[in-house]
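Okay, structure.cif is below, mmCIF, C-alpha atoms:
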```
data_input
#
loop_
_atom_site.label_atom_id
_atom_site.label_comp_id
_atom_site.auth_asym_id
_atom_site.auth_seq_id
_atom_site.Cartn_x
_atom_site.Cartn_y
_atom_site.Cartn_z
CA MET S 8 78.93 125.24 97.66
CA ILE S 9 78.89 121.50 98.04
CA THR S 10 81.40 119.15 99.65
CA VAL S 11 82.13 115.74 98.18
CA ALA S 12 83.68 112.84 100.13
CA LEU S 13 86.02 110.76 97.96
CA PRO S 14 87.36 107.32 98.95
CA LYS S 15 91.10 106.60 99.19
CA GLY S 16 92.22 103.49 97.36
CA ALA S 17 90.87 101.54 94.42
CA LEU S 18 87.92 103.83 93.62
CA LEU S 19 89.74 107.17 93.84
CA LYS S 20 90.84 107.57 90.23
CA ASP S 21 87.44 106.77 88.73
CA SER S 22 85.69 108.91 91.36
CA ILE S 23 87.81 111.89 90.42
CA GLN S 24 86.96 111.29 86.75
CA THR S 25 83.24 111.26 87.59
CA PHE S 26 83.54 114.81 88.94
CA GLN S 27 85.99 115.93 86.25
CA ALA S 28 83.27 115.14 83.69
CA LEU S 29 81.13 117.76 85.49
CA GLY S 30 83.91 120.33 85.42
CA LEU S 31 85.01 119.78 89.04
CA ASP S 32 88.71 119.06 89.28
CA PHE S 33 89.95 117.20 92.37
CA SER S 34 92.87 115.52 90.58
CA ALA S 35 95.33 117.09 93.07
CA PHE S 36 94.45 114.10 95.31
CA LEU S 37 96.12 111.80 92.77
CA ASP S 38 99.44 113.59 93.10
CA SER S 39 101.66 111.23 95.12
CA SER S 40 103.18 114.17 97.00
CA ASN S 41 99.74 115.41 98.09
CA ARG S 42 99.29 115.49 101.88
CA GLN S 43 96.09 117.52 102.01
CA LEU S 44 92.85 115.82 103.00
CA GLN S 45 90.64 118.73 101.94
CA ILE S 46 90.89 120.58 98.64
CA MET S 47 88.89 123.18 96.77
CA ASP S 48 88.05 122.77 93.10
CA PRO S 49 89.96 125.43 91.04
CA THR S 50 86.63 127.05 90.08
CA GLN S 51 85.88 127.47 93.82
CA THR S 52 82.46 125.89 93.41
CA ALA S 53 83.01 122.65 95.35
CA LYS S 54 85.23 121.14 98.01
CA ALA S 55 86.41 117.53 98.35
CA LEU S 56 87.46 115.47 101.36
CA LEU S 57 89.82 112.52 100.91
CA VAL S 58 88.89 109.84 103.43
CA ARG S 59 89.04 106.08 103.98
CA ALA S 60 86.39 104.24 101.94
CA GLN S 61 84.57 103.12 105.13
CA ASP S 62 84.50 106.72 106.38
CA VAL S 63 82.82 108.19 103.26
CA PRO S 64 79.26 107.33 104.46
CA VAL S 65 80.09 108.74 107.91
CA TYR S 66 80.95 112.18 106.52
CA VAL S 67 77.85 112.06 104.31
CA GLU S 68 75.57 110.80 107.10
CA TYR S 69 76.67 113.66 109.38
CA GLY S 70 76.23 116.18 106.56
CA GLN S 71 79.91 117.19 106.47
CA ALA S 72 79.79 116.18 102.81
CA GLN S 73 76.61 116.42 100.77
CA LEU S 74 77.78 113.86 98.22
CA GLY S 75 80.13 110.89 98.32
CA VAL S 76 81.39 107.95 96.31
CA VAL S 77 81.61 104.57 98.01
CA GLY S 78 81.46 100.86 97.21
CA TYR S 79 78.11 99.10 97.61
CA ASP S 80 79.94 96.63 99.88
CA VAL S 81 80.49 99.40 102.45
CA LEU S 82 76.80 100.39 102.29
CA ARG S 83 75.79 96.77 102.84
CA GLU S 84 78.17 96.36 105.75
CA LYS S 85 77.53 99.66 107.56
CA LYS S 86 73.91 100.41 106.60
CA PRO S 87 74.44 104.17 106.93
CA ALA S 88 71.51 106.60 106.76
CA VAL S 89 72.42 107.98 103.31
CA ALA S 90 70.60 108.14 99.98
CA ASP S 91 72.00 105.70 97.37
CA LEU S 92 71.45 107.79 94.21
CA ALA S 93 73.26 106.14 91.33
CA ASP S 94 75.26 103.09 90.34
CA LEU S 95 78.49 104.54 88.94
CA ARG S 96 79.35 101.13 87.40
CA TYR S 97 83.10 101.16 88.14
CA GLY S 98 84.84 99.29 90.95
CA LYS S 99 83.10 96.02 90.05
CA CYS S 100 83.69 93.21 92.51
CA ARG S 101 81.68 90.67 94.45
CA MET S 102 81.28 89.60 98.05
CA SER S 103 82.01 85.89 98.14
CA VAL S 104 82.47 82.89 100.37
CA ALA S 105 85.79 81.14 99.72
CA VAL S 106 87.38 78.00 101.11
CA LYS S 107 90.62 76.10 100.60
CA ALA S 108 90.64 74.55 97.13
CA ALA S 109 91.75 71.31 98.83
CA SER S 110 88.67 71.27 101.10
CA PRO S 111 85.60 69.14 100.27
CA TYR S 112 83.25 72.17 100.30
CA ARG S 113 81.75 73.35 97.00
CA SER S 114 78.80 75.37 98.32
CA ALA S 115 78.17 77.36 101.50
CA LEU S 116 75.46 74.91 102.63
CA GLU S 117 78.04 72.10 102.74
CA LEU S 118 80.01 73.90 105.47
CA SER S 119 79.66 72.32 108.91
CA PRO S 120 77.36 74.04 111.37
CA HIS S 121 79.36 76.07 113.92
CA CYS S 122 82.39 76.23 111.65
CA ARG S 123 84.50 79.39 111.69
CA VAL S 124 84.33 82.07 109.03
CA ALA S 125 86.90 84.92 108.99
CA SER S 126 85.86 88.26 107.51
CA LYS S 127 86.38 91.98 107.41
CA PHE S 128 82.65 92.20 106.60
CA VAL S 129 81.21 90.86 109.83
CA TYR S 130 77.63 92.04 109.26
CA CYS S 131 77.46 90.86 105.66
CA ALA S 132 78.82 87.46 106.68
CA ARG S 133 76.46 87.13 109.65
CA GLU S 134 73.44 88.18 107.58
CA TYR S 135 74.28 85.72 104.81
CA PHE S 136 74.76 82.68 107.03
CA HIS S 137 71.63 83.62 108.93
CA SER S 138 69.71 83.73 105.61
CA ILE S 139 70.78 80.17 104.77
CA ASP S 140 70.08 79.09 108.37
CA LEU S 141 73.63 77.90 109.00
CA PRO S 142 75.00 78.85 112.42
CA VAL S 143 78.67 79.82 112.12
CA GLU S 144 81.21 81.63 114.27
CA ILE S 145 82.39 84.85 112.59
CA ILE S 146 86.01 85.82 113.32
CA PRO S 147 86.49 89.56 112.69
CA LEU S 148 89.78 90.38 110.94
CA TYR S 149 91.15 93.67 109.58
CA GLY S 150 93.39 92.42 106.80
CA SER S 151 94.80 89.39 104.92
CA VAL S 152 91.65 87.38 105.57
CA GLU S 153 93.04 84.59 103.37
CA LEU S 154 95.35 83.69 106.27
CA GLY S 155 92.27 82.36 108.11
CA PRO S 156 91.96 79.12 106.13
CA ILE S 157 95.72 78.91 105.46
CA THR S 158 96.57 78.82 109.16
CA GLY S 159 93.56 76.63 109.92
CA MET S 160 91.91 79.29 112.07
CA SER S 161 88.76 79.26 109.93
CA GLU S 162 87.15 76.90 107.41
CA ALA S 163 85.94 79.72 105.18
CA ILE S 164 86.17 83.46 104.55
CA VAL S 165 83.73 86.09 103.33
CA ASP S 166 85.62 88.71 101.36
CA LEU S 167 85.55 91.01 98.34
CA VAL S 168 86.84 89.39 95.16
CA SER S 169 87.64 91.34 92.03
CA THR S 170 90.07 89.46 89.76
CA GLY S 171 90.29 86.39 92.01
CA ARG S 172 94.07 86.62 91.92
CA THR S 173 94.56 86.82 95.71
CA LEU S 174 92.36 83.77 96.25
CA LYS S 175 94.23 81.79 93.61
CA ASP S 176 97.65 82.78 94.96
CA ASN S 177 96.57 81.48 98.35
CA GLY S 178 95.05 78.19 97.18
CA LEU S 179 91.47 79.29 97.85
CA ILE S 180 88.34 79.01 95.69
CA GLU S 181 85.08 80.92 95.64
CA ILE S 182 82.07 78.75 96.41
CA GLU S 183 79.30 81.33 96.72
CA VAL S 184 78.59 84.92 95.69
CA LEU S 185 76.63 86.97 98.28
CA PHE S 186 76.19 90.04 96.07
CA GLU S 187 77.88 92.11 93.35
CA SER S 188 79.32 95.49 94.26
CA THR S 189 80.07 98.68 92.30
CA ALA S 190 80.79 102.29 93.24
CA ARG S 191 77.70 104.28 94.27
CA LEU S 192 76.92 107.98 94.40
CA ILE S 193 75.50 108.70 97.84
CA ALA S 194 73.99 111.85 99.35
CA HIS S 195 73.02 113.31 102.70
CA PRO S 196 69.24 112.75 102.65
CA LEU S 197 68.20 116.12 104.06
CA SER S 198 70.61 118.09 101.84
CA TYR S 199 69.27 116.15 98.86
CA ARG S 200 65.67 116.97 99.75
CA LEU S 201 66.50 120.65 100.30
CA ASN S 202 68.79 120.80 97.24
CA SER S 203 71.59 122.35 99.37
CA GLY S 204 74.15 124.27 97.35
CA GLY S 205 72.28 123.37 94.16
CA MET S 206 73.50 119.78 94.48
CA ASN S 207 70.63 118.29 92.50
CA GLU S 208 72.04 119.86 89.37
CA TRP S 209 75.30 117.95 89.89
CA ILE S 210 73.43 114.73 90.59
CA GLU S 211 71.38 115.10 87.40
CA LYS S 212 74.56 115.70 85.40
CA ILE S 213 76.13 112.53 86.83
CA ARG S 214 72.97 110.54 86.08
CA ALA S 215 72.86 111.91 82.53
CA SER S 216 76.50 110.97 81.95
CA LEU S 217 75.66 107.41 83.05
CA LEU S 218 72.92 107.20 80.41
CA ALA S 219 75.19 108.46 77.63
CA PRO S 220 76.64 105.70 75.44
CA THR S 221 80.32 105.09 76.22
CA MET C 5 107.50 74.42 117.31
CA ILE C 6 105.90 77.73 118.14
CA THR C 7 104.20 80.29 115.93
CA VAL C 8 104.58 84.00 116.56
CA ALA C 9 102.16 86.68 115.26
CA LEU C 10 103.98 89.88 114.30
CA PRO C 11 102.23 93.21 113.61
CA LYS C 12 102.60 95.04 110.29
CA GLY C 13 103.50 98.70 110.59
CA ALA C 14 105.26 100.76 113.22
CA LEU C 15 106.10 97.90 115.61
CA LEU C 16 107.40 95.41 113.05
CA LYS C 17 111.09 96.31 113.06
CA ASP C 18 111.46 96.27 116.83
CA SER C 19 109.36 93.10 117.11
CA ILE C 20 111.67 91.31 114.71
CA GLN C 21 114.66 92.49 116.78
CA THR C 22 113.06 91.07 119.94
CA PHE C 23 113.05 87.62 118.38
CA GLN C 24 116.44 88.07 116.68
CA ALA C 25 117.92 88.52 120.16
CA LEU C 26 116.67 84.97 120.91
CA GLY C 27 118.21 83.58 117.74
CA LEU C 28 114.94 83.55 115.75
CA ASP C 29 115.30 85.36 112.45
CA PHE C 30 112.12 86.70 110.83
CA SER C 31 113.84 89.63 109.12
CA ALA C 32 112.62 88.40 105.70
CA PHE C 33 109.39 90.26 106.56
CA LEU C 34 111.33 93.54 106.37
CA ASP C 35 112.35 92.91 102.78
CA SER C 36 110.21 95.28 100.70
CA SER C 37 109.79 92.65 97.99
CA ASN C 38 108.42 90.11 100.50
CA ARG C 39 104.87 88.97 99.72
CA GLN C 40 104.72 86.02 102.11
CA LEU C 41 102.54 86.27 105.19
CA GLN C 42 104.00 83.15 106.83
CA ILE C 43 107.69 82.38 107.18
CA MET C 44 109.84 79.83 108.95
CA ASP C 45 112.88 80.81 110.96
CA PRO C 46 116.06 79.54 109.19
CA THR C 47 116.75 77.20 112.15
CA GLN C 48 113.29 75.66 111.56
CA THR C 49 112.38 76.07 115.23
CA ALA C 50 109.67 78.72 114.91
CA LYS C 51 107.22 80.17 112.43
CA ALA C 52 105.97 83.75 112.13
CA LEU C 53 102.75 85.23 110.75
CA LEU C 54 102.70 88.80 109.45
CA VAL C 55 99.29 90.31 110.20
CA ARG C 56 97.57 93.64 110.83
CA ALA C 57 98.25 94.95 114.35
CA GLN C 58 94.56 94.59 115.31
CA ASP C 59 94.59 90.96 114.10
CA VAL C 60 97.56 89.85 116.24
CA PRO C 61 95.40 89.17 119.34
CA VAL C 62 92.88 87.29 117.17
CA TYR C 63 95.49 84.79 115.95
CA VAL C 64 96.80 84.42 119.52
CA GLU C 65 93.32 84.10 121.05
CA TYR C 66 92.40 81.31 118.62
CA GLY C 67 95.74 79.57 119.27
CA GLN C 68 96.96 79.89 115.67
CA ALA C 69 99.95 81.68 117.17
CA GLN C 70 101.21 80.92 120.68
CA LEU C 71 102.97 84.28 121.01
CA GLY C 72 102.40 87.73 119.57
CA VAL C 73 103.55 91.32 119.77
CA VAL C 74 100.93 94.04 119.88
CA GLY C 75 100.40 97.57 121.19
CA TYR C 76 98.71 97.97 124.57
CA ASP C 77 96.20 100.25 122.80
CA VAL C 78 94.88 97.28 120.80
CA LEU C 79 94.55 95.21 124.00
CA ARG C 80 92.62 98.02 125.67
CA GLU C 81 90.34 98.45 122.67
CA LYS C 82 89.63 94.79 121.87
CA LYS C 83 89.96 93.16 125.30
CA PRO C 84 91.04 89.82 123.78
CA ALA C 85 91.36 86.69 125.92
CA VAL C 86 95.17 86.60 125.82
CA ALA C 87 97.89 86.68 128.48
CA ASP C 88 99.78 90.01 128.62
CA LEU C 89 103.24 88.71 129.58
CA ALA C 90 105.75 91.53 129.21
CA ASP C 91 106.08 95.21 128.43
CA LEU C 92 108.56 95.32 125.54
CA ARG C 93 109.00 99.08 126.06
CA TYR C 94 109.17 100.11 122.39
CA GLY C 95 106.36 101.69 120.38
CA LYS C 96 105.72 104.30 123.08
CA CYS C 97 102.67 106.45 122.48
CA ARG C 98 99.60 107.63 124.36
CA MET C 99 95.85 107.57 123.88
CA SER C 100 94.69 111.15 124.11
CA VAL C 101 91.75 113.47 123.75
CA ALA C 102 92.49 116.32 121.34
CA VAL C 103 90.53 119.36 120.24
CA LYS C 104 91.08 122.30 117.90
CA ALA C 105 93.76 124.60 119.34
CA ALA C 106 91.37 127.47 118.59
CA SER C 107 88.59 125.92 120.72
CA PRO C 108 87.97 127.05 124.32
CA TYR C 109 88.44 123.52 125.72
CA ARG C 110 91.52 122.77 127.82
CA SER C 111 90.35 119.62 129.61
CA ALA C 112 87.93 116.81 128.73
CA LEU C 113 85.50 117.86 131.46
CA GLU C 114 85.04 121.24 129.77
CA LEU C 115 83.55 119.58 126.67
CA SER C 116 79.80 120.05 126.32
CA PRO C 117 77.59 117.10 127.25
CA HIS C 118 76.38 115.27 124.11
CA CYS C 119 79.17 116.70 122.00
CA ARG C 120 80.65 114.51 119.26
CA VAL C 121 83.95 112.67 119.57
CA ALA C 122 85.48 110.95 116.53
CA SER C 123 87.73 107.94 117.11
CA LYS C 124 89.16 104.73 115.73
CA PHE C 125 89.16 103.50 119.35
CA VAL C 126 85.43 103.45 120.01
CA TYR C 127 85.57 101.32 123.18
CA CYS C 128 88.45 103.25 124.74
CA ALA C 129 86.69 106.53 124.01
CA ARG C 130 83.33 105.33 125.36
CA GLU C 131 84.92 103.88 128.50
CA TYR C 132 86.82 107.08 129.19
CA PHE C 133 83.89 109.46 128.82
CA HIS C 134 81.77 107.09 130.87
CA SER C 135 84.42 107.20 133.63
CA ILE C 136 84.25 110.99 133.79
CA ASP C 137 80.44 110.84 133.60
CA LEU C 138 80.23 112.95 130.45
CA PRO C 139 77.71 111.68 127.88
CA VAL C 140 79.13 112.08 124.37
CA GLU C 141 78.31 110.75 120.92
CA ILE C 142 81.17 108.63 119.56
CA ILE C 143 81.63 108.76 115.77
CA PRO C 144 83.54 105.67 114.61
CA LEU C 145 86.14 106.44 111.92
CA TYR C 146 88.78 104.24 110.26
CA GLY C 147 91.41 106.80 109.39
CA SER C 148 92.44 110.49 109.43
CA VAL C 149 90.48 111.13 112.61
CA GLU C 150 91.88 114.68 112.71
CA LEU C 151 89.43 115.54 109.91
CA GLY C 152 86.63 115.26 112.50
CA PRO C 153 87.29 118.61 114.21
CA ILE C 154 88.68 120.21 111.01
CA THR C 155 85.44 119.64 109.11
CA GLY C 156 83.35 120.46 112.18
CA MET C 157 81.90 116.94 112.37
CA SER C 158 83.16 116.47 115.93
CA GLU C 159 84.32 118.73 118.77
CA ALA C 160 87.04 116.31 119.86
CA ILE C 161 88.91 113.14 118.92
CA VAL C 162 90.38 110.24 120.88
CA ASP C 163 93.47 108.98 119.12
CA LEU C 164 97.00 107.61 119.53
CA VAL C 165 99.66 110.30 119.73
CA SER C 166 103.36 109.59 119.47
CA THR C 167 105.34 112.66 118.41
CA GLY C 168 102.30 114.95 118.28
CA ARG C 169 103.28 116.02 114.77
CA THR C 170 99.98 115.05 113.11
CA LEU C 171 97.98 116.97 115.73
CA LYS C 172 100.16 120.06 115.32
CA ASP C 173 100.01 119.93 111.51
CA ASN C 174 96.23 119.93 111.78
CA GLY C 175 95.88 122.70 114.35
CA LEU C 176 94.84 120.35 117.17
CA ILE C 177 96.05 120.13 120.78
CA GLU C 178 96.03 117.33 123.32
CA ILE C 179 93.93 118.12 126.37
CA GLU C 180 93.88 114.76 128.18
CA VAL C 181 95.87 111.51 128.26
CA LEU C 182 93.75 108.36 128.72
CA PHE C 183 96.71 105.96 129.06
CA GLU C 184 100.24 105.32 127.84
CA SER C 185 100.85 102.49 125.39
CA THR C 186 103.87 100.32 124.51
CA ALA C 187 104.37 97.04 122.67
CA ARG C 188 103.40 93.95 124.68
CA LEU C 189 104.33 90.30 124.45
CA ILE C 190 101.10 88.31 124.51
CA ALA C 191 100.43 84.57 124.65
CA HIS C 192 97.64 82.09 124.13
CA PRO C 193 96.65 81.37 127.76
CA LEU C 194 96.25 77.60 127.44
CA SER C 195 99.47 77.15 125.43
CA TYR C 196 101.27 79.22 128.06
CA ARG C 197 99.96 77.07 130.90
CA LEU C 198 100.83 73.85 129.05
CA ASN C 199 104.18 75.22 127.84
CA SER C 200 103.35 74.23 124.23
CA GLY C 201 106.41 73.81 122.04
CA GLY C 202 108.63 74.81 124.95
CA MET C 203 107.41 78.40 124.61
CA ASN C 204 108.10 79.30 128.24
CA GLU C 205 111.81 79.13 127.52
CA TRP C 206 111.41 81.81 124.83
CA ILE C 207 109.30 83.95 127.15
CA GLU C 208 111.90 83.72 129.92
CA LYS C 209 114.63 84.72 127.48
CA ILE C 210 112.62 87.78 126.37
CA ARG C 211 111.95 88.72 130.01
CA ALA C 212 115.63 88.32 130.87
CA SER C 213 116.66 90.53 127.95
CA LEU C 214 114.29 93.23 129.25
CA LEU C 215 116.03 93.15 132.64
CA ALA C 216 119.49 93.45 131.11
CA PRO C 217 120.92 96.96 131.12
CA THR C 218 120.81 98.53 127.64
#
```
Please express the file's structure as structure tokens.
Amino acid sequence: MITVALPKGALLKDSIQTFQALGLDFSAFLDSSNRQLQIMDPTQTAKALLVRAQDVPVYVEYGQAQLGVVGYDVLREKKPAVADLADLRYGKCRMSVAVKAASPYRSALELSPHCRVASKFVYCAREYFHSIDLPVEIIPLYGSVELGPITGMSEAIVDLVSTGRTLKDNGLIEIEVLFESTARLIAHPLSYRLNSGGMNEWIEKIRASLLAPT
Amino acid sequence: MITVALPKGALLKDSIQTFQALGLDFSAFLDSSNRQLQIMDPTQTAKALLVRAQDVPVYVEYGQAQLGVVGYDVLREKKPAVADLADLRYGKCRMSVAVKAASPYRSALELSPHCRVASKFVYCAREYFHSIDLPVEIIPLYGSVELGPITGMSEAIVDLVSTGRTLKDNGLIEIEVLFESTARLIAHPLSYRLNSGGMNEWIEKIRASLLAPT
């Protein structure tokens, strides 16, 4: 038997569909009255854990789940020791630098050295500004990063953008894209190598479904 | 004019009441249809920011807010450079070590050296186990920490406990209390020393209200 770690939030519905296509039904997690964090597929062949998106690679890294679905952004930020097996294509968004639309900045290189950048993605932000050789002060935030420039606490933010609606509503504009992100199928490396619980069969089925025309 | 950082979540209602008692009305934040993250008091004498609990000390540390309300647990975890001015007494909870009720452990010292401890409060957990001279591996999680022992990923957790209901529902028991936590009134140290925007008057009023019999 295999255990799959599924992310709460934006990717949950599509993640459940990915496994439904293989005959594994974890749709009970979508029921708004559901309080369980662990469920068994009705065929009793697989188990699923419902965890925070950032925790998915943790459960997979420690082998508590052999497979997981998580955004590429989380993999870039946390660099967990997991195997990135397939691009599931949904959950498209991008990691971007944004500033106040009223500011003079139109590219990241125009930002002043030692300016402040607020982000939930501290490592991604640090790595990016290091790569363009611009020393900045990263301010770690947990939510509503757009308040950074609005309150004047930071000149810029590094954040995930999908429709761009939140930026627009807050008078911010994107000036740089660090990378594109989509949902990824990840696996515990050792379990993958040893084909624990016959997991490779599931992985091949997911890969095949990605090749099929939609 | 002063700016106050208020925490989303469990402490919001009481925090708003603290300022209402001074004649500052930020109750618009309690309106479920509210989408604003910044509001002005109707008397135009103070502004409030609505931010994640962990972000309150960040806005206060950077001086974007002169005052803030935040749980002592966040101050212990983040050690921000802010002045801790008053114990507001609400939001009572405790930081505890918990294990599976079915496990043999009944105190933290009975845990095996190098066992795994899952927590959202990585620094508090590390500091505590260091203080009792027990080397453990801390597994950082973002949510549903109780899944750690349930899935077998960790022997113990360090987490905030208020009623104890979540622990009980998950078959866990508290075996050690690290510290008690309540909501605190915090200030930007320099603004406090310079009495920016006449903030000391507000602080004295809050302190006086805490001394009044309830």
Fill in: Neighbour residues at most 9 Å from (112.1, 79.9, 119.1) (all atoms listed in the file) as a list of chain:residue names
C:Met5, C:Ile6, C:Thr7, C:Val8, C:Phe23, C:Leu26, C:Gly27, C:Leu28, C:Asp45, C:Thr47, C:Gln48, C:Thr49, C:Ala50, C:Lys51, C:Gly201, C:Gly202, C:Met203, C:Glu205, C:Trp206
Distance table requested - chain C against chain S, cut-off 9 Å, all atoms listed in the file: one row per qualifying residue with the closest atom pair and its distance in Å to one decimal, ordered by chain and rising residue number, as CSV.
```
residue,atom,partner,partner_atom,distance
C:Leu41,CA,S:Leu154,CA,7.7
C:Gln42,CA,S:Leu154,CA,8.7
C:Leu53,CA,S:Leu154,CA,8.8
C:Val55,CA,S:Ser151,CA,7.0
C:Arg56,CA,S:Gly150,CA,5.9
C:Ala57,CA,S:Tyr149,CA,8.6
C:Gln58,CA,S:Tyr149,CA,6.7
C:Asp59,CA,S:Leu148,CA,5.8
C:Val62,CA,S:Leu148,CA,7.6
C:Tyr63,CA,S:Met160,CA,7.6
C:Tyr66,CA,S:Met160,CA,6.9
C:Gly67,CA,S:Met160,CA,8.2
C:Gln68,CA,S:Met160,CA,6.2
C:Ile143,CA,S:Val65,CA,8.0
C:Pro144,CA,S:Val65,CA,8.1
C:Leu145,CA,S:Asp62,CA,5.8
C:Tyr146,CA,S:Asp62,CA,6.3
C:Gly147,CA,S:Arg59,CA,6.0
C:Ser148,CA,S:Val58,CA,7.0
C:Leu151,CA,S:Leu44,CA,7.7
C:Gly152,CA,S:Tyr66,CA,8.8
C:Thr155,CA,S:Gln71,CA,6.6
C:Gly156,CA,S:Gln71,CA,7.4
C:Met157,CA,S:Gln71,CA,6.2
```
Please produce a file of the residues just selected, as a PDB file, in the coordinates of the input, where the atoms kept are C-alpha atoms.
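And here is the file that came out, out.pdb:
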```pdb
ATOM      1  CA  LEU C  41     102.540  86.270 105.190  1.00  0.00           C
ATOM      2  CA  GLN C  42     104.000  83.150 106.830  1.00  0.00           C
ATOM      3  CA  LEU C  53     102.750  85.230 110.750  1.00  0.00           C
ATOM      4  CA  VAL C  55      99.290  90.310 110.200  1.00  0.00           C
ATOM      5  CA  ARG C  56      97.570  93.640 110.830  1.00  0.00           C
ATOM      6  CA  ALA C  57      98.250  94.950 114.350  1.00  0.00           C
ATOM      7  CA  GLN C  58      94.560  94.590 115.310  1.00  0.00           C
ATOM      8  CA  ASP C  59      94.590  90.960 114.100  1.00  0.00           C
ATOM      9  CA  VAL C  62      92.880  87.290 117.170  1.00  0.00           C
ATOM     10  CA  TYR C  63      95.490  84.790 115.950  1.00  0.00           C
ATOM     11  CA  TYR C  66      92.400  81.310 118.620  1.00  0.00           C
ATOM     12  CA  GLY C  67      95.740  79.570 119.270  1.00  0.00           C
ATOM     13  CA  GLN C  68      96.960  79.890 115.670  1.00  0.00           C
ATOM     14  CA  ILE C 143      81.630 108.760 115.770  1.00  0.00           C
ATOM     15  CA  PRO C 144      83.540 105.670 114.610  1.00  0.00           C
ATOM     16  CA  LEU C 145      86.140 106.440 111.920  1.00  0.00           C
ATOM     17  CA  TYR C 146      88.780 104.240 110.260  1.00  0.00           C
ATOM     18  CA  GLY C 147      91.410 106.800 109.390  1.00  0.00           C
ATOM     19  CA  SER C 148      92.440 110.490 109.430  1.00  0.00           C
ATOM     20  CA  LEU C 151      89.430 115.540 109.910  1.00  0.00           C
ATOM     21  CA  GLY C 152      86.630 115.260 112.500  1.00  0.00           C
ATOM     22  CA  THR C 155      85.440 119.640 109.110  1.00  0.00           C
ATOM     23  CA  GLY C 156      83.350 120.460 112.180  1.00  0.00           C
ATOM     24  CA  MET C 157      81.900 116.940 112.370  1.00  0.00           C
TER      25      MET C 157
END
```
Practice prompt. Just give me the residues with any atom within 12 Å of (78.5, 72.6, 108.3), file coordinates, counting all atoms listed in the file, written as a list in words.
Written response: Pro111, Tyr112, Arg113, Ser114, Ala115, Leu116, Glu117, Leu118, Ser119, Pro120, His121, Cys122, Arg123, Val124, Phe136, Ile139, Asp140, Leu141, Pro142, Val143, Glu144, Glu162 and Ala163 of chain S
Fill in: Closest of S:Ser22, S:Ser40, S:Ser34, S:Ser110 to Ile180 (chain S) - atom-to-atom distances counting only C-alpha atoms
S:Ser110
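Counting all atoms listed in the file and comparing C:Ala106, C:Val86, C:Ala32, C:Ile43, the residue that lies closest to Leu71 (chain C) is C:Val86.
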Put a box with edges along x, y and z around all the listed atoms of region 49-58 of chain C, pad it by 5 Å on each side, then give me its centre and sizes in Å, one decimal, as AutoDock Vina command-line options.
```
--center_x 103.5 --center_y 85.5 --center_z 112.4 --size_x 27.8 --size_y 28.9 --size_z 15.9
```
Worksheet item: How many Å separate CA of Ile182 (chain S) from CA of Ala105 (chain S)?
Response: 5.5 Å
Worksheet, complete the sentence: Among C:Arg197, C:Ser135, C:Asn174, C:Glu184, Arg42 (chain S) is approached most closely, using only C-alpha atoms, by C:Asn174
Item to complete: Quote the spacing between CA of Ser216 (chain S) and CA of His195 (chain S) in Å to one decimal place.
Response: 21.2 Å
Item to complete: Using the chain letters and numbering of this document, enumerate as an MDAnalysis selection string the residues selected by the PyMOL selection byres ((chain S and resi 96-101) around 6).
Response: chainID S and resid 94:95 102 167:169 186:190
Worksheet item: What is the CA of Pro84 (chain C)-CA of Ile210 (chain C) distance in Å, reported with one decimal?
Response: 21.8 Å
